[in-house]
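**Student:** Here it is, the structure in full.
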Amino acid sequence: MSSKRIAVIACFISLLLLTGCWNRRELGELAFVSAIGIDLVPGKDHLRASYQIVIPSEVTSGPLGGGGGKNSPVVVYSETGSTIFEISRKVAPKVPRDMFFSHVRLVVIGESLARKGINDLFDSLERSNEIRYTARVAIARGTTAENVISTLTPMEKIPANANVGKMDFSEKDWGHSIRVNYDDVINKLTTKESEPVISGLTQLGEASGDRITTLQESKPSAITKNGGLAMFKNGKMLRWVEGDEAIGTVWLLNKMKSTVLNVDWEGTKAALAIKVSRSRTKIDAKWRDGKPVIQVSIKEEGDIREARIPVPIEDDRAIAKLEQNLAEETKKRVLAAIHLAQKEKSDIFGFGAAANRADPQAWDLIKGKWNELLPSIEIDLSIEAFIRQPGMITSPHHPESGK
């Protein structure tokens, strides 16, 4: 038999083995879910899940951008039930298309549910082969998760994209929130090496009347914004972390990308505004007399962005003094976060994991009572600050005293 005939026969045999697209899903038959909100039904041991679904025909038209559409770019369907999977099936009859979860960008958990506990909440999401591990997680503060994902947002047509962007830029520019993917939460809940810390989302104002009309106003009646950090212990939310404690928490989690610190100078409060542009936090441990000593070292770099009084920025000794003051301002916030974690007996910074790495055998003797020991653990804090740039000018525009 010729080689050509053998090749033809082999091709026919291989065709018999091809199954084709047996599980294909047509694009026009899919309902793209962009956000999921999960709440606790008041007074009942039931969940209420809400699904934000994109309306493709409105994303490229309408009052939020080009064209003449008059409808919302998303629709939210909600149902109640005992499990997330049950609820998703109960929502299906309301949706004219097959719900598709691969584009979920945000999972919002109601505050009341977070305080009850989230240990068993992610099982359905983790078992799904559609939801990506990069989906963000947030806690709805002072409102429901359903309200958060139902609030339309200016500038971004899809609310899920807007809320994710707010969390990302808040972390990047302000340093009071952190980016948390849902696999991060799962890892914290399962490994027990540290407790989760999750950014909050809250609603300002209430949408009244036509929600689309409110977006055409320069000041929308309802918007969403970042609302602090949720601290957890044993899978249950303890409290909200704000202000200096929040920024210190971001620093200790080694997630500080940028923030602004006001630094004093020769008796003048908040004389200079310094932008911290680079920071690295390292947490180690050493054992002393059967107890761990946690070593926290922070190296940061900053630029001078505003000077309210005359400061001799061109003088190296002045810069050295400013660096010392910057380190002190950082230390205040980091210590505030450490004291809060010790007070609440919640190891959100992974101090126990550092102690375990330093001496696993010694750790085995105390890990069962670690939370009780946390308030008395010694913390060795070291901060190095460097000022790299004075900005586009050196001397401030303020006239010096007496001149």
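Residues are referred to by chain and number: the chain letter is A, B, ... according to the order shown in the structure tokens, the number counts from 1 in that chain, and ligands are numbered separately from 1 in the order shown.
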With a distance cut-off of 12 Å and only C-alpha atoms, select the neighbouring residues of Pro93 in chain A, excluding the residue or stretch itself and same-chain residues fewer than 4 positions from it, and output the selection as a PDB file with N, CA and C atoms, in the first residue's frame.
**Tutor:**
ATOM      1  N   TYR A  77     -30.611  40.933  39.194  1.00  0.00           N
ATOM      2  CA  TYR A  77     -31.617  39.945  39.589  1.00  0.00           C
ATOM      3  C   TYR A  77     -31.232  39.392  40.957  1.00  0.00           C
ATOM      4  N   SER A  78     -32.222  39.231  41.834  1.00  0.00           N
ATOM      5  CA  SER A  78     -31.963  38.757  43.199  1.00  0.00           C
ATOM      6  C   SER A  78     -32.930  37.647  43.572  1.00  0.00           C
ATOM      7  N   GLU A  79     -32.475  36.758  44.445  1.00  0.00           N
ATOM      8  CA  GLU A  79     -33.305  35.683  44.995  1.00  0.00           C
ATOM      9  C   GLU A  79     -32.739  35.281  46.347  1.00  0.00           C
ATOM     10  N   ILE A  87     -29.617  29.484  44.873  1.00  0.00           N
ATOM     11  CA  ILE A  87     -30.104  30.801  44.480  1.00  0.00           C
ATOM     12  C   ILE A  87     -29.850  31.061  43.000  1.00  0.00           C
ATOM     13  N   SER A  88     -28.675  30.672  42.512  1.00  0.00           N
ATOM     14  CA  SER A  88     -28.374  30.912  41.100  1.00  0.00           C
ATOM     15  C   SER A  88     -29.352  30.181  40.192  1.00  0.00           C
ATOM     16  N   ARG A  89     -29.804  29.017  40.635  1.00  0.00           N
ATOM     17  CA  ARG A  89     -30.783  28.272  39.837  1.00  0.00           C
ATOM     18  C   ARG A  89     -32.175  28.910  39.949  1.00  0.00           C
ATOM     19  N   ARG A  97     -31.342  34.580  29.212  1.00  0.00           N
ATOM     20  CA  ARG A  97     -30.142  33.950  28.647  1.00  0.00           C
ATOM     21  C   ARG A  97     -29.469  33.080  29.703  1.00  0.00           C
ATOM     22  N   ASP A  98     -28.487  32.311  29.259  1.00  0.00           N
ATOM     23  CA  ASP A  98     -27.747  31.427  30.153  1.00  0.00           C
ATOM     24  C   ASP A  98     -26.714  32.256  30.924  1.00  0.00           C
ATOM     25  N   MET A  99     -26.791  32.255  32.253  1.00  0.00           N
ATOM     26  CA  MET A  99     -25.875  33.053  33.068  1.00  0.00           C
ATOM     27  C   MET A  99     -24.446  32.534  32.932  1.00  0.00           C
TER      28      MET A  99
END
**Student:** Which residues, written as a PyMOL selection string, have at least one atom at most 7 Å from range 155-157 of chain A, with only C-alpha atoms counted and residues fewer than 3 positions away on the same chain left out?
**Tutor:** chain A and resi 59+64+73+161-162
**Student:** Residues within 12 Å of Leu30 in chain A, please, as a ChimeraX atom specification. Count only C-alpha atoms; anything in the same chain fewer than 4 positions from it doesn't count.
**Tutor:** /A:24-26,53-56,92,95-103
**Student:** Keeping only C-alpha atoms, write the selected residues to a file as a CSV table (one decimal), in the first residue's frame.
**Tutor:**
chain,number,residue,atom,x,y,z
A,24,ARG,CA,-20.5,25.1,22.8
A,25,ARG,CA,-22.4,28.2,24.1
A,26,GLU,CA,-23.4,30.8,21.6
A,53,ILE,CA,-25.8,41.3,34.5
A,54,VAL,CA,-24.5,43.4,31.6
A,55,ILE,CA,-26.9,44.5,28.8
A,56,PRO,CA,-24.6,44.4,25.7
A,92,ALA,CA,-32.3,31.4,36.1
A,95,VAL,CA,-33.0,35.7,33.0
A,96,PRO,CA,-33.7,35.2,29.2
A,97,ARG,CA,-30.1,33.9,28.6
A,98,ASP,CA,-27.7,31.4,30.2
A,99,MET,CA,-25.9,33.1,33.1
A,100,PHE,CA,-22.1,33.1,32.4
A,101,PHE,CA,-19.7,33.8,35.3
A,102,SER,CA,-16.3,34.0,33.7
A,103,HIS,CA,-16.5,37.8,33.6
**Student:** Looking at only C-alpha atoms, which of A:Ser50, A:Gln324, A:Ser199, A:Ser194 is the one that sits closest to Lys345 in chain A?
**Tutor:**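 Comparing A:Ser50, A:Gln324, A:Ser199, A:Ser194 against Lys345 in chain A, the winner is A:Ser194.
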**Student:** With a distance cut-off of 7 Å and only C-alpha atoms, select the neighbouring residues of Ala140 in chain A, excluding the residue or stretch itself and same-chain residues fewer than 6 positions from it, and output the selection as a list in words.
**Tutor:**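 So, after excluding close chain neighbours, the residues are Val108, Ile109, Gly110, Glu111, Val148, Gly200, Leu201 and Thr202 of chain A.
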**Student:** Using only C-alpha atoms, which of the listed residues (A:Ile338, A:Ile139, A:Ala327, A:Leu381) sits closest to Gln203 in chain A?
**Tutor:**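 Using only C-alpha atoms, the shortest distance to Gln203 in chain A belongs to A:Ile139.
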